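work_32.cif, holding mmCIF, C-alpha atoms:
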data_input
loop_
_atom_site.label_atom_id
_atom_site.label_comp_id
_atom_site.auth_asym_id
_atom_site.auth_seq_id
_atom_site.Cartn_x
_atom_site.Cartn_y
_atom_site.Cartn_z
CA MET F 22 27.25 26.96 61.56
CA LYS F 23 27.45 25.26 64.95
CA SER F 24 28.99 21.92 65.59
CA ARG F 25 26.34 19.46 66.63
CA HIS F 26 28.24 18.08 69.56
CA THR F 27 30.65 20.08 71.60
CA HIS F 28 31.96 19.61 75.07
CA PRO F 29 34.06 22.69 75.73
CA GLU F 30 34.76 21.53 79.28
CA HIS F 31 36.77 18.63 77.82
CA ASP F 32 38.62 20.77 75.33
CA GLU F 33 42.00 21.00 76.94
CA HIS F 34 43.34 23.49 74.43
CA ARG F 35 40.28 25.73 74.68
CA MET F 36 39.89 25.74 70.92
CA PRO F 37 36.64 27.24 69.66
CA SER F 38 33.92 24.59 69.65
CA ASP F 39 32.87 25.27 66.09
CA PRO F 40 35.11 23.23 63.78
CA ALA F 41 34.92 25.98 61.15
CA LEU F 42 36.52 28.40 63.61
CA GLN F 43 39.02 25.76 64.74
CA VAL F 44 40.20 25.19 61.20
CA LEU F 45 40.39 28.90 60.55
CA ALA F 46 42.51 29.42 63.68
CA LEU F 47 44.76 26.46 62.91
CA GLU F 48 45.31 27.55 59.32
CA SER F 49 46.16 31.06 60.42
CA ILE F 50 48.74 29.84 62.96
CA LEU F 51 50.35 27.53 60.42
CA VAL F 52 50.43 30.23 57.72
CA ASP F 53 51.94 32.70 60.20
CA LYS F 54 54.68 30.21 61.00
CA GLY F 55 55.45 29.64 57.34
CA LEU F 56 54.37 26.01 57.57
CA VAL F 57 51.48 26.23 55.13
CA ASP F 58 51.04 28.03 51.84
CA PRO F 59 47.33 28.92 51.60
CA GLN F 60 47.52 28.63 47.83
CA ALA F 61 48.70 25.05 48.20
CA LEU F 62 45.55 24.40 50.24
CA ASP F 63 43.46 25.96 47.46
CA THR F 64 45.16 23.71 44.90
CA LEU F 65 44.62 20.62 47.05
CA VAL F 66 40.92 21.39 47.49
CA GLU F 67 40.47 22.26 43.84
CA SER F 68 42.15 19.00 42.77
CA TYR F 69 39.66 16.88 44.70
CA GLU F 70 36.64 18.99 43.83
CA HIS F 71 37.31 19.12 40.10
CA ARG F 72 40.08 16.88 38.84
CA ILE F 73 40.20 13.68 40.92
CA GLY F 74 36.87 11.88 41.07
CA PRO F 75 34.79 8.96 39.80
CA ARG F 76 34.89 10.16 36.19
CA ASN F 77 38.50 8.91 36.20
CA GLY F 78 37.45 5.44 37.30
CA ALA F 79 34.63 5.43 34.76
CA LYS F 80 37.20 5.95 31.99
CA VAL F 81 39.19 2.99 33.28
CA VAL F 82 36.10 0.77 33.33
CA ALA F 83 34.95 1.88 29.87
CA ARG F 84 38.40 1.18 28.44
CA ALA F 85 38.35 -2.28 30.03
CA TRP F 86 34.93 -3.01 28.53
CA LYS F 87 36.02 -1.87 25.10
CA ASP F 88 39.53 -3.30 24.95
CA PRO F 89 40.04 -6.90 26.13
CA ALA F 90 43.83 -6.52 26.14
CA TYR F 91 43.50 -3.49 28.44
CA LYS F 92 41.12 -5.40 30.70
CA ALA F 93 43.63 -8.23 30.97
CA ARG F 94 46.34 -5.73 31.95
CA LEU F 95 43.97 -4.06 34.45
CA LEU F 96 43.17 -7.34 36.17
CA ALA F 97 46.84 -8.40 36.19
CA ASP F 98 48.40 -5.10 37.31
CA ALA F 99 45.80 -2.45 38.03
CA THR F 100 48.27 0.21 39.21
CA ALA F 101 50.13 0.12 35.87
CA ALA F 102 46.98 -0.14 33.75
CA ILE F 103 45.36 2.81 35.54
CA ALA F 104 48.59 4.80 35.11
CA GLU F 105 48.25 4.26 31.34
CA LEU F 106 45.24 6.60 31.51
CA GLY F 107 47.20 9.11 33.59
CA PHE F 108 45.74 8.31 37.01
CA GLY F 109 47.62 7.29 40.14
CA GLY F 110 49.35 8.56 43.25
CA LEU F 111 47.99 9.40 46.67
CA GLN F 112 45.77 6.61 48.03
CA GLY F 113 46.03 4.70 44.78
CA GLU F 114 49.68 3.72 44.99
CA HIS F 115 48.77 0.02 44.98
CA MET F 116 45.60 -0.77 43.04
CA LEU F 117 43.70 -3.98 42.55
CA ALA F 118 40.80 -4.34 40.10
CA VAL F 119 38.17 -6.97 40.86
CA GLU F 120 35.76 -7.98 38.13
CA ASN F 121 32.05 -8.60 38.50
CA THR F 122 30.73 -11.51 36.44
CA PRO F 123 27.34 -13.24 36.26
CA ALA F 124 28.59 -15.52 39.07
CA VAL F 125 30.55 -13.10 41.26
CA HIS F 126 29.72 -9.69 42.73
CA ASN F 127 32.42 -7.65 44.47
CA LEU F 128 31.91 -5.07 47.21
CA VAL F 129 34.57 -2.81 48.75
CA VAL F 130 34.71 -1.53 52.33
CA CYS F 131 37.23 -0.32 54.91
CA THR F 132 36.07 -1.59 58.29
CA LEU F 133 38.98 0.03 60.18
CA CYS F 134 38.89 3.54 58.76
CA SER F 135 37.97 4.94 55.36
CA CYS F 136 40.47 3.61 52.78
CA TYR F 137 39.29 4.40 49.29
CA PRO F 138 40.96 4.61 45.85
CA TYR F 139 41.29 8.39 45.48
CA PRO F 140 42.88 8.58 42.00
CA VAL F 141 39.97 6.74 40.37
CA LEU F 142 37.04 7.58 42.67
CA GLY F 143 38.05 10.81 44.43
CA LEU F 144 37.28 11.29 48.12
CA PRO F 145 34.83 8.84 49.71
CA PRO F 146 31.16 9.75 50.23
CA VAL F 147 29.92 10.14 53.81
CA TRP F 148 28.02 6.83 53.78
CA TYR F 149 31.18 4.90 52.84
CA LYS F 150 32.91 6.33 55.93
CA SER F 151 29.88 5.77 58.16
CA ALA F 152 29.78 3.33 61.05
CA ALA F 153 26.69 1.75 59.49
CA TYR F 154 28.40 0.78 56.24
CA ARG F 155 31.74 -0.16 57.81
CA SER F 156 30.13 -2.42 60.41
CA ARG F 157 27.61 -4.14 58.16
CA ALA F 158 29.27 -4.58 54.77
CA VAL F 159 31.25 -7.59 56.01
CA ILE F 160 28.55 -9.33 58.07
CA ASP F 161 25.47 -8.46 56.04
CA PRO F 162 26.52 -7.52 52.50
CA ARG F 163 23.20 -8.64 51.03
CA GLY F 164 21.23 -6.52 53.46
CA VAL F 165 23.39 -3.50 52.69
CA LEU F 166 23.01 -4.05 48.95
CA ARG F 167 19.23 -4.31 49.33
CA GLU F 168 19.24 -0.90 50.99
CA PHE F 169 20.98 0.39 47.88
CA GLY F 170 18.20 -1.19 45.83
CA LEU F 171 20.28 -4.11 44.65
CA GLN F 172 18.83 -7.58 45.16
CA LEU F 173 21.30 -10.21 44.00
CA PRO F 174 20.29 -13.79 43.21
CA GLU F 175 21.04 -16.25 46.02
CA GLU F 176 23.50 -18.13 43.86
CA THR F 177 25.61 -15.03 43.15
CA GLN F 178 28.83 -15.23 45.14
CA ILE F 179 29.52 -12.03 47.03
CA ARG F 180 33.13 -11.12 47.66
CA VAL F 181 33.64 -8.33 50.16
CA TRP F 182 37.08 -6.68 50.04
CA ASP F 183 38.09 -5.13 53.35
CA SER F 184 40.82 -2.56 52.61
CA THR F 185 42.93 -3.25 55.71
CA ALA F 186 46.30 -2.54 54.04
CA GLU F 187 47.51 -0.09 51.39
CA LEU F 188 45.87 -1.98 48.52
CA ARG F 189 42.98 -0.02 47.05
CA TYR F 190 40.16 -1.75 45.23
CA LEU F 191 38.27 -0.84 42.07
CA VAL F 192 35.26 -2.93 41.09
CA VAL F 193 34.95 -3.48 37.35
CA PRO F 194 31.17 -3.75 36.95
CA GLN F 195 29.50 -5.93 34.34
CA ARG F 196 28.92 -4.21 31.04
CA PRO F 197 25.18 -3.82 30.52
CA GLN F 198 23.48 -5.34 27.51
CA GLY F 199 22.51 -3.10 24.64
CA THR F 200 25.76 -1.14 24.76
CA GLU F 201 27.55 -2.94 21.94
CA ALA F 202 27.47 0.08 19.62
CA MET F 203 28.53 2.62 22.21
CA THR F 204 31.82 4.49 22.14
CA GLU F 205 34.21 4.40 25.07
CA GLU F 206 33.10 7.90 26.07
CA GLN F 207 29.42 6.93 25.99
CA LEU F 208 30.18 3.81 28.03
CA ALA F 209 32.05 5.88 30.61
CA SER F 210 28.99 8.08 31.06
CA LEU F 211 27.01 5.02 32.23
CA VAL F 212 29.51 4.01 34.93
CA THR F 213 28.67 5.32 38.40
CA ARG F 214 30.81 5.70 41.51
CA ASP F 215 28.52 3.30 43.38
CA ALA F 216 29.00 0.61 40.74
CA MET F 217 32.78 0.90 41.15
CA ILE F 218 32.42 0.42 44.93
CA GLY F 219 30.08 -2.49 44.31
CA VAL F 220 26.87 -1.17 45.87
CA ALA F 221 25.19 -0.82 42.46
CA ILE F 222 25.29 -2.34 39.02
CA VAL F 223 25.61 -0.35 35.82
CA GLN F 224 22.20 0.20 34.28
CA PRO F 225 21.71 -0.15 30.54
CA PRO F 226 20.97 3.08 28.69
CA ARG F 227 17.23 3.78 28.73
CA THR F 228 15.56 2.99 25.45
CA GLY F 229 14.66 6.04 23.47
CA GLU F 230 17.87 7.78 24.48
CA PRO F 231 20.51 8.10 21.81
CA PRO F 232 23.13 5.36 22.29
CA MET Y 14 43.92 -1.62 69.91
CA ASN Y 15 40.44 -3.02 70.41
CA GLY Y 16 38.81 0.34 69.70
CA VAL Y 17 35.43 1.33 68.32
CA HIS Y 18 37.14 2.17 65.02
CA ASP Y 19 37.35 -1.60 64.43
CA MET Y 20 33.74 -1.86 63.30
CA GLY Y 21 33.50 -4.93 61.10
CA GLY Y 22 30.54 -7.08 62.18
CA MET Y 23 29.15 -4.74 64.84
CA HIS Y 24 25.42 -4.22 65.19
CA GLY Y 25 23.49 -1.15 66.22
CA MET Y 26 25.10 1.38 63.89
CA GLY Y 27 21.86 2.07 62.02
CA PRO Y 28 21.01 2.03 58.34
CA VAL Y 29 23.34 3.14 55.54
CA LEU Y 30 22.17 6.55 54.38
CA PRO Y 31 23.44 7.49 50.92
CA GLU Y 32 23.01 11.12 49.92
CA ARG Y 33 21.93 11.98 46.41
CA ASP Y 34 24.32 14.28 44.50
CA GLU Y 35 26.61 14.52 47.47
CA PRO Y 36 29.20 17.31 47.27
CA VAL Y 37 32.89 16.44 47.74
CA PHE Y 38 32.93 18.64 50.86
CA HIS Y 39 29.80 19.70 52.75
CA HIS Y 40 31.41 22.79 54.29
CA ARG Y 41 34.42 24.90 53.40
CA TRP Y 42 36.04 24.06 56.73
CA GLU Y 43 36.01 20.36 55.76
CA ALA Y 44 37.89 21.16 52.55
CA ARG Y 45 40.37 23.29 54.52
CA ALA Y 46 40.83 20.58 57.17
CA TYR Y 47 41.45 17.96 54.48
CA ALA Y 48 43.99 20.17 52.74
CA LEU Y 49 45.76 21.03 56.01
CA VAL Y 50 46.17 17.33 56.80
CA ARG Y 51 47.76 16.77 53.39
CA ALA Y 52 49.93 19.87 53.45
CA MET Y 53 51.30 19.09 56.92
CA GLY Y 54 51.68 15.41 56.06
CA ALA Y 55 53.97 16.49 53.21
CA PHE Y 56 56.70 17.28 55.76
CA GLY Y 57 57.04 13.54 56.27
CA ARG Y 58 57.37 13.89 60.05
CA TRP Y 59 54.77 11.19 60.63
CA ASN Y 60 53.36 8.42 58.48
CA ILE Y 61 49.90 7.23 57.47
CA ASP Y 62 49.85 4.58 60.19
CA ALA Y 63 50.69 7.09 62.92
CA SER Y 64 48.06 9.39 61.55
CA ARG Y 65 45.39 6.65 61.58
CA HIS Y 66 46.39 5.64 65.08
CA GLN Y 67 46.09 9.21 66.31
CA ARG Y 68 42.44 9.22 65.22
CA GLU Y 69 41.87 5.82 66.86
CA LEU Y 70 43.08 7.29 70.16
CA ILE Y 71 40.18 9.75 70.31
CA PRO Y 72 38.05 8.54 73.27
CA ALA Y 73 35.36 6.16 72.01
CA ALA Y 74 32.33 8.23 72.95
CA GLU Y 75 33.83 11.31 71.28
CA LEU Y 76 34.90 9.36 68.23
CA LEU Y 77 31.40 8.06 67.58
CA ARG Y 78 29.90 11.50 68.04
CA MET Y 79 32.35 13.44 65.87
CA SER Y 80 31.97 13.92 62.14
CA TYR Y 81 34.65 12.53 59.85
CA TYR Y 82 36.59 15.75 59.33
CA GLU Y 83 36.28 16.69 63.01
CA ARG Y 84 38.23 13.49 63.67
CA TRP Y 85 40.81 14.41 61.05
CA LEU Y 86 41.16 17.83 62.63
CA ALA Y 87 41.53 16.39 66.14
CA GLY Y 88 44.16 13.91 64.92
CA LEU Y 89 46.07 16.63 63.08
CA ARG Y 90 46.09 18.92 66.12
CA GLU Y 91 47.60 16.16 68.27
CA LEU Y 92 50.28 15.35 65.68
CA LEU Y 93 51.20 19.02 65.27
CA LEU Y 94 51.66 19.35 69.03
CA GLN Y 95 53.60 16.10 69.40
CA HIS Y 96 55.97 16.94 66.58
CA GLY Y 97 56.58 20.49 67.72
CA PHE Y 98 54.99 22.26 64.76
CA ILE Y 99 52.78 24.28 67.11
CA THR Y 100 52.53 24.85 70.85
CA ALA Y 101 49.56 24.50 73.20
CA GLU Y 102 49.78 28.27 73.81
CA GLU Y 103 49.41 28.95 70.11
CA LEU Y 104 46.43 26.61 69.88
CA ALA Y 105 44.82 28.32 72.86
CA SER Y 106 45.36 31.84 71.58
CA GLY Y 107 44.75 31.05 67.92
CA LYS Y 108 47.86 33.06 67.05
CA ALA Y 109 51.48 32.21 66.34
CA THR Y 110 53.66 33.16 69.31
CA PRO Y 111 55.64 36.27 68.40
CA GLY Y 112 59.28 35.34 68.07
CA GLY Y 113 58.35 31.66 68.06
CA ALA Y 114 60.12 29.18 65.79
CA LYS Y 115 59.23 29.55 62.13
CA GLY Y 116 58.91 26.53 59.94
CA THR Y 117 60.85 24.83 57.23
CA PRO Y 118 59.59 25.72 53.73
CA ALA Y 119 55.92 24.85 53.27
CA LEU Y 120 54.61 22.70 50.46
CA PRO Y 121 54.35 25.24 47.62
CA ALA Y 122 51.21 25.36 45.50
CA ALA Y 123 53.32 24.58 42.43
CA ASN Y 124 54.31 21.22 43.93
CA VAL Y 125 50.85 20.04 44.92
CA GLN Y 126 50.09 18.08 41.74
CA ALA Y 127 53.46 16.33 41.92
CA PHE Y 128 52.84 15.58 45.61
CA ILE Y 129 49.48 13.97 44.80
CA ALA Y 130 50.88 12.10 41.80
CA ARG Y 131 53.81 10.71 43.78
CA GLY Y 132 51.73 9.50 46.70
CA SER Y 133 53.48 7.46 49.32
CA PRO Y 134 54.03 3.87 48.24
CA ALA Y 135 54.04 1.37 51.09
CA SER Y 136 55.70 -1.49 49.21
CA ARG Y 137 59.35 -2.25 49.87
CA GLU Y 138 62.03 -4.15 47.99
CA SER Y 139 63.00 -7.36 49.69
CA GLY Y 140 64.59 -10.61 48.71
CA CYS Y 141 62.75 -12.33 51.54
CA ALA Y 142 60.64 -15.29 50.37
CA PRO Y 143 56.97 -15.34 51.41
CA ARG Y 144 56.12 -17.88 54.13
CA PHE Y 145 52.77 -18.69 52.55
CA ARG Y 146 51.67 -19.45 49.00
CA ALA Y 147 48.37 -18.95 47.20
CA GLY Y 148 45.87 -21.67 48.11
CA GLN Y 149 47.47 -22.40 51.47
CA ARG Y 150 45.24 -22.59 54.58
CA VAL Y 151 46.12 -20.09 57.29
CA ARG Y 152 44.70 -18.95 60.60
CA ALA Y 153 44.70 -15.33 61.77
CA ARG Y 154 46.44 -15.06 65.12
CA ASN Y 155 44.46 -14.06 68.16
CA LEU Y 156 46.39 -10.86 68.81
CA ASN Y 157 45.08 -8.03 70.96
CA PRO Y 158 47.77 -5.36 70.97
CA VAL Y 159 47.06 -2.13 72.84
CA GLY Y 160 48.78 -0.20 70.04
CA HIS Y 161 47.91 0.18 66.38
CA THR Y 162 47.06 -2.88 64.31
CA ARG Y 163 45.32 -3.57 61.01
CA LEU Y 164 44.22 -7.05 62.06
CA PRO Y 165 40.46 -6.61 62.48
CA ARG Y 166 38.86 -8.31 65.45
CA TYR Y 167 36.38 -10.19 63.31
CA VAL Y 168 39.05 -12.37 61.67
CA ARG Y 169 41.16 -13.14 64.76
CA GLY Y 170 41.35 -16.87 65.35
CA LYS Y 171 39.53 -17.57 62.07
CA SER Y 172 40.90 -19.70 59.29
CA GLY Y 173 41.07 -18.76 55.67
CA THR Y 174 42.89 -19.35 52.42
CA ILE Y 175 45.70 -17.29 50.92
CA GLY Y 176 44.48 -15.67 47.73
CA ARG Y 177 47.09 -13.33 46.36
CA VAL Y 178 50.58 -12.75 47.64
CA HIS Y 179 50.84 -8.97 47.36
CA GLY Y 180 54.56 -8.57 48.04
CA VAL Y 181 56.44 -6.85 50.85
CA PHE Y 182 54.83 -3.88 52.60
CA VAL Y 183 55.47 -1.61 55.58
CA PHE Y 184 54.05 -3.14 58.78
CA PRO Y 185 51.60 -0.70 60.43
CA ASP Y 186 51.88 -2.17 63.94
CA THR Y 187 55.48 -0.92 64.29
CA ASN Y 188 55.40 1.97 61.82
CA ALA Y 189 52.51 3.71 63.59
CA HIS Y 190 54.67 3.93 66.72
CA PHE Y 191 57.85 5.01 64.89
CA ARG Y 192 59.45 1.68 65.75
CA GLY Y 193 60.55 1.02 62.17
CA GLU Y 194 58.86 -0.21 59.02
CA SER Y 195 59.45 -3.95 59.64
CA PRO Y 196 58.61 -4.68 55.99
CA GLN Y 197 57.05 -8.10 55.48
CA HIS Y 198 54.88 -10.03 53.07
CA LEU Y 199 51.26 -9.04 52.75
CA TYR Y 200 48.55 -11.44 51.64
CA SER Y 201 44.97 -11.32 50.52
CA VAL Y 202 43.24 -13.91 52.71
CA ARG Y 203 39.83 -15.29 51.82
CA PHE Y 204 37.55 -16.05 54.77
CA GLU Y 205 34.29 -17.86 54.07
CA ALA Y 206 31.35 -15.87 55.40
CA ARG Y 207 30.26 -18.91 57.45
CA GLU Y 208 33.70 -19.19 59.09
CA LEU Y 209 33.32 -15.59 60.24
CA TRP Y 210 29.62 -15.32 61.01
CA GLY Y 211 28.26 -18.82 61.41
CA GLU Y 212 25.71 -20.89 59.57
CA ALA Y 213 23.27 -18.02 59.08
CA ALA Y 214 25.66 -16.47 56.55
CA ALA Y 215 25.37 -17.32 52.86
CA ALA Y 216 27.49 -20.32 51.87
CA THR Y 217 28.39 -18.52 48.65
CA ASP Y 218 29.86 -15.42 50.27
CA ALA Y 219 33.36 -14.56 51.44
CA VAL Y 220 35.37 -11.66 52.85
CA TYR Y 221 38.88 -10.91 51.58
CA VAL Y 222 41.17 -9.21 54.07
CA ASP Y 223 44.73 -7.99 53.47
CA LEU Y 224 46.90 -9.39 56.25
CA TRP Y 225 50.62 -9.22 57.03
CA GLU Y 226 52.73 -12.29 57.71
CA ASP Y 227 52.98 -11.50 61.44
CA TYR Y 228 49.19 -11.81 61.69
CA LEU Y 229 49.13 -15.36 60.31
CA ASP Y 230 49.96 -18.95 61.14
CA ALA Y 231 49.77 -21.96 58.87
CA ASP Y 232 46.49 -23.72 59.67
CA ARG Y 233 47.68 -27.15 60.70
CA ALA Y 234 44.19 -28.39 61.45
CA ALA Y 235 43.27 -27.99 57.78
#
Just give me the structure as structure tokens.
Amino acid sequence: MKSRHTHPEHDEHRMPSDPALQVLALESILVDKGLVDPQALDTLVESYEHRIGPRNGAKVVARAWKDPAYKARLLADATAAIAELGFGGLQGEHMLAVENTPAVHNLVVCTLCSCYPYPVLGLPPVWYKSAAYRSRAVIDPRGVLREFGLQLPEETQIRVWDSTAELRYLVVPQRPQGTEAMTEEQLASLVTRDAMIGVAIVQPPRTGEPP
Amino acid sequence: MNGVHDMGGMHGMGPVLPERDEPVFHHRWEARAYALVRAMGAFGRWNIDASRHQRELIPAAELLRMSYYERWLAGLRELLLQHGFITAEELASGKATPGGAKGTPALPAANVQAFIARGSPASRESGCAPRFRAGQRVRARNLNPVGHTRLPRYVRGKSGTIGRVHGVFVFPDTNAHFRGESPQHLYSVRFEARELWGEAAAATDAVYVDLWEDYLDADRAA
């Protein structure tokens, strides 16, 4: 695999232009020097590929929908409420939950870099880190939402949360109608990553499917 | 610094392109680069603000062209050189210099989960009272530091309302340059979309930005 854009003449350390080779070389130097345990790298990768992702956030949202006392705790102190479900730590040290209502829709962005609530959503998707999303979410949130297929009524207030500090934001989407009989686990299966960023709403279960 | 990383409100960046069923990492090298950044960060020789600033210092044209993990890799390489973890010779040869300094113990695999769970809280204990209270009108200062800042250009000089008072947090503008944590109160400030973008913006909409006390003045005109 070749890097799309390389300018070897500017590469003062004459590293290979292919980032795959660069990483390989860097890892090998650091392992040689005893600075990195390759198994620790495996564990880090495995954690974010399999353990830390949006299913965690979906459990938080489903609990909040099901249990009003939990929702109150989540909105008052999200870090503590999320820790009740066993999630927290790196890039979720200080959490804030913002609730969507019929009047208010919340949308999360990081215009300065790529801040994202890892413990509940995992690592951010490429579009969230893209210049397009970071530049436009604050100036044209309705246009961005339309591109995600979400047309909000004019009277809906949009609140965009720019993660400029170490606070990390979780959107608590509105619970769809027709889910009254669902268990917490079934509710969690409806909640998408995009809904917890605020670029989507949670769709009701399709009729004909078991609740 | 007024860099291209400070993107809020810019035009010309194209459409947002979500990818269906996107993998966590698109290539193994991205996963390795991510893990290397974390594993080397665990030594605590730099901080998150320094690490962000290092990526901001990538020349603008390069920064826009590079993929996300290429930027992380470039930032990491610089930090490793600056903090003496590796030498330019080693980077050039791709091999550890024989007889070169060996490191302090690496983050062991067994400690990774605890490392992730602990994170790196940025809040600090302080008896210092906040200067502003919820509901108060404030104006973001028109600051243009050449160093690191988390005051986005699009709010500078704009007036808003204090929402939440978050408590005392490490101040990135000094911390990024290893000039101390300067802990101070952090606030969620609500800016009306029309204050930021003019009358074409929806009257219903607002942007909430987390801003430190040193970025704010009381808005006396309000």
- Message: Env of Leu106 of chain F: 12 Å cut, atoms = only C-alpha atoms, seq-sep filter 5 positions within chain, self excluded. Answer as a ChimeraX atom specification.
- Response: /F:76-85,91,95,99-101,140-141
- Task: Would you mind telling me which residue in Y:Pro196, Y:Pro72, Y:Gly22, Y:Gly176 lies nearest to chain F when using only C-alpha atoms?
- Result: Y:Gly22
- Message: Residues of chain Y were defined as contacting chain F if any atom lay at most 7 Å from it, counting only C-alpha atoms; please report them as a PyMOL selection string.
- Response: chain Y and resi 18-24+26-31+37+42+44-46+48-49+52+78+83+101+104-105+107-109+115-122+125+129-135+163+210+217-223
- I would like the residues chosen by the PyMOL selection byres ((chain Y and resi 54-61) around 9) on the shown file; could you give them as a VMD selection string? chain Y and resid 49 to 53 62 to 66 92 96 117 119 to 120 128 133 185 188 to 189 191
- Run the PyMOL selection byres ((chain Y and resi 199) around 8) against the file shown and list the residues it catches, as number ranges by chain. Y: 178-182, 197-198, 200-201, 223-226
- Item | Matched chain/residue IDs from the PyMOL selection byres ((chain F and resi 201-212) around 12), as a ChimeraX atom specification | /F:75-88,142,192-200,213-219,221-227,230-232
Give the padded box for segment 161-170 of chain F as lines of an AutoDock Vina configuration file: axis-aligned, covering all atoms listed in the file, 6 Å on each side, centre and edge lengths in Å to one decimal.
center_x = 22.4
center_y = -4.1
center_z = 50.9
size_x = 20.3
size_y = 21.0
size_z = 22.2
- Message: Using only C-alpha atoms, which protein or nucleic acid residues come within 7 Å of Glu194 of chain Y? Drop anything in the same chain fewer than 6 positions from it, and give the result as a ChimeraX atom specification.
- Response: /Y:183-184,187-188
- Message: as JSON, numbers by chain, please: the residues near Asn157 of chain Y (cut-off 10 Å, only C-alpha atoms, same-chain neighbours under 5 positions excluded).
- Response: {"Y": [14, 15, 162, 164, 165, 166, 169]}
- What does the distance from atom CA of Arg90 of chain Y to atom CA of His40 of chain Y come to in Å, to one decimal?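 Atom-to-atom, atom CA of Arg90 of chain Y and atom CA of His40 of chain Y are spaced 19.2 Å apart.
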- Query: atom CA of Arg189 of chain F and atom CA of Ala118 of chain F are how many Å apart?
  - Reply: 8.5 Å
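Relative to atom CA of Phe38 of chain Y, atom CA of Gln67 of chain Y is found at 22.4 Å.
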- Of the candidates Y:Ala216, Y:Leu70, Y:Ala123, Y:Ala153, which shows the shortest atom-to-atom distance to Leu229 of chain Y, using only C-alpha atoms?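 When distances to Leu229 of chain Y are compared using only C-alpha atoms, the smallest one comes from Y:Ala153.
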- For the point (50.1, -21.0, 62.0) in file coordinates, what residues are within 8 Å, counting only C-alpha atoms? Give the answer as a PyMOL selection string? chain Y and resi 151-154+229-233
